[in-house]
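What follows is one structure encoded as structure tokens, with my remarks underneath.
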Amino acid sequence: MPELPEVETIKRGLSKFCVHQKIRKVEVACEKSFIGPKEVVLRREIIGFRRFGKALVIDLSDGVSMMIHLRMTGQLIYRAAGQGQGESLMEDSFAGGHPSESFVDTLPNKQTRVIFEMDKGTLYFNDQRKFGFVKVLPTEEVETDKFIASLAPEPWKTRPEALYEVFQRRSGSPVKAVILDQKVIAGIGNIYADEALFYAGVHPRRLCGSLSLAETAKIIEGACKAMDASIESGGSTMATYVRADGTRGDYLEKFAQVFRREGLPCMRCGNEIIKIRVAGRGTHVCPHCQKEDIGASSASVAKGGSDD
DNA sequence: CTAGGATCCTGTCAGC
DNA sequence: TGCTGACAGGATCCTA
């Protein structure tokens with residue numbers, strides 16, 4: 001699913017193509033995917049894009065905004081008018097979010113939920129599982145929206161002491177469950193949770209109450225590094241999905257140390273990465289670098305792998 | 001307040 | 001081949 005870096009990538013990509021365009025027509029193929037009156041966005045000009053955690057906001061003229069959450073399977077795909085399909089459209093088009101064939105498919109397709117026709121192109125909101133949504137609201141109410149207002153700071157602005165305090169309060173929960181909570185740290189999802197914990201050498205099942213301040217700081221550092229690397233590489237976009245030679249790639253290859261690497265050797269110690277279940281989510285760990293029971297060998301915890 | 005589980009929805013894949 | 005259940009880059013609501 002699109003997490004913070006993917007949404008940031010979409011924000012940058014769409015800014016390049018859509019700012020100053022007017023929305024000519026809105027087609028809602030799935031009622032639950034579009035909240036609010038669609039007439040309100042008609043004939044409004046796209047002024048800019050903002051991001052709050054995993055939520056994307058499109059600001060329109062006359063104080064109108066749209067908040068978009070992609071949840072698990074949302075995608076935003078922009079196609080310049082008159083473009084054919086296929087991989088030849090890299091230049092004037094953009095696709096980001098949940099990676100799938102829709103990035104290069106003929107659109108609209110079965111998963112298309114909302115279509116925005118603009119002056120020079122079309123923006124498609126695709127969402128296989130219909131968990132995501134587009135919501136119309138006044139620009140001045142964006143920051144007081146229930147979801148956005150409740151967001152904690154993003155990893156780069158999270159202070160170890162503050163997170164440590166939350167860990168004390170929620171001492172009986174596995175650490176992974178807590179860092180996935182957007183009210184604790186904004187923008188982390190299943191990928192970056194696994195990556196951050198691997199970086200910190202902390203097992204996802206460790207209870208928050210057992211974590212030191214140093215480990216807490218390492219987790220934040222790991223989240224920042226993984227997200228920086230992902231944004232740098234372009235998140236999950238058409239460009240990272242379709243390789244130069246036309247084959248399908250995976251943007252995870254560019255930065256993931258553990259996510260979806262079960263069965264492969266740990267990049268730090270060579271032992272096999274395994275997949276387990278924590279807090280109801282598929283979870284990837286190196287059993288050697290991330291010890292579940294601390295008493296036994298707490299040696300490697302805050303060591304952090306700065307080469308050795 | 002916290003913790004854990006069910007739930008929204010569609011599609012795919014493993015196992016019979 | 002066809003059915004069945006598990007599970008998936010998220011967040012919220014319900015219960016204890």
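Chain lettering (A, B, ...) mirrors the order of the structure tokens, residue numbering begins at 1 for each chain separately, and ligand numbering begins at 1 in order of display.
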Could you pull out all residues of range 126-202 of chain A with a DSSP call of strand (DSSP E) and give them as a list in words?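 Assigned to strand (DSSP E), within range 126-202 of chain A: Asn126, Asp127, Phe133, Val134, Lys135, Val136, Leu137 and Pro138 of chain A.
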Go through range 252-285 of chain A residue by residue and, counting only C-alpha atoms (C1' of nucleotides), keep those with an atom at most 12 Å from range 2-8 of chain C; for each kept residue give the shortest atom pair and its distance in Å to one decimal, ordered by chain and increasing number, as a tab-separated table.
residue	atom	partner	partner_atom	distance
A:Arg277	CA	C:DC7	C1'	11.1
A:Gly280	CA	C:DC7	C1'	10.3
A:Arg281	CA	C:DA8	C1'	9.1
A:Gly282	CA	C:DC7	C1'	8.7
Saved selection, atoms kept: C-alpha atoms, as a JSON list (two decimals), in the first residue's frame:
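What follows is the written file part_27.json:
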[["chain", "number", "residue", "atom", "x", "y", "z"],
["A", 277, "ARG", "CA", 2.50, -12.61, 11.93],
["A", 280, "GLY", "CA", -2.46, -9.23, 12.53],
["A", 281, "ARG", "CA", -0.03, -8.21, 9.80],
["A", 282, "GLY", "CA", 2.47, -10.11, 7.71]]
- Kindly provide, as a ChimeraX atom specification, the residues of chain B having any atom no farther than 8 Å from an atom of chain A, counting only C-alpha atoms (C1' of nucleotides). /B:2-3,8-10
Store the residues picked out above in a file with C-alpha atoms (C1' of nucleotides), as a tab-separated table (two decimals), in the first residue's frame.
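Ended up saving to result15.tsv:
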chain	number	residue	atom	x	y	z
B	2	DT	C1'	-5.38	0.25	26.45
B	3	DA	C1'	-5.52	-4.24	23.79
B	8	DC	C1'	-14.97	-2.79	4.86
B	9	DC	C1'	-13.95	-4.96	-0.54
B	10	DT	C1'	-11.90	-7.45	-4.57
Here CA of Arg71 in chain A and CA of Leu211 in chain A stand apart by 29.4 Å
Any idea which chain A residues end up within 12 Å of chain C if we count only C-alpha atoms (C1' of nucleotides), as a compact mmCIF listing (two decimals) with C-alpha atoms, in the first residue's frame please?
# COMPACT_ATOMS: atom_id res chain seq x y z
CA MET A 1 0.00 0.00 0.00
CA PRO A 2 0.94 3.47 -0.55
CA GLU A 3 2.68 4.78 2.53
CA LEU A 4 4.20 8.19 3.13
CA PRO A 5 6.98 7.98 0.51
CA GLU A 6 4.59 6.78 -2.18
CA VAL A 7 2.15 9.58 -1.46
CA LYS A 54 -0.44 9.20 3.93
CA ALA A 55 -3.22 11.60 2.94
CA HIS A 69 -6.56 8.49 0.95
CA LEU A 70 -5.32 5.52 -1.09
CA ARG A 71 -5.45 3.01 1.79
CA MET A 72 -4.34 -0.44 0.62
CA THR A 73 -4.81 -0.49 -3.13
CA GLY A 74 -5.37 3.07 -4.31
CA GLY A 97 0.41 4.25 -5.63
CA HIS A 98 -0.30 0.56 -5.33
CA PRO A 99 1.83 -0.92 -8.13
CA GLN A 128 -9.25 -2.44 -6.26
CA ARG A 129 -10.55 -2.92 -2.74
CA LYS A 130 -12.54 0.32 -2.42
CA PHE A 131 -11.00 1.14 0.94
CA GLY A 132 -9.65 4.44 -0.31
CA PHE A 133 -11.65 7.57 -1.06
CA PHE A 147 -8.10 12.09 10.33
CA LEU A 180 1.81 1.53 12.74
CA ASP A 181 -0.56 3.81 14.64
CA GLN A 182 -0.83 7.11 12.76
CA LYS A 183 -1.54 8.89 16.02
CA GLY A 187 3.17 7.88 7.57
CA ILE A 188 4.54 4.50 8.61
CA GLY A 189 2.83 1.45 7.13
CA ASN A 190 3.66 -2.21 6.96
CA ILE A 191 6.75 -1.81 4.76
CA TYR A 192 8.48 0.92 6.71
CA ALA A 193 7.55 -0.60 10.06
CA ASP A 194 9.42 -3.77 9.13
CA GLY A 235 8.42 5.33 -4.59
CA SER A 236 6.06 2.99 -6.38
CA TYR A 251 10.59 -0.48 -6.33
CA LEU A 252 11.16 -2.40 -3.12
CA PHE A 259 10.14 -6.53 3.36
CA ARG A 260 9.02 -9.35 1.05
CA ARG A 277 2.50 -12.61 11.93
CA GLY A 280 -2.46 -9.23 12.53
CA ARG A 281 -0.03 -8.21 9.80
CA GLY A 282 2.47 -10.11 7.71
CA THR A 283 5.85 -9.25 9.20
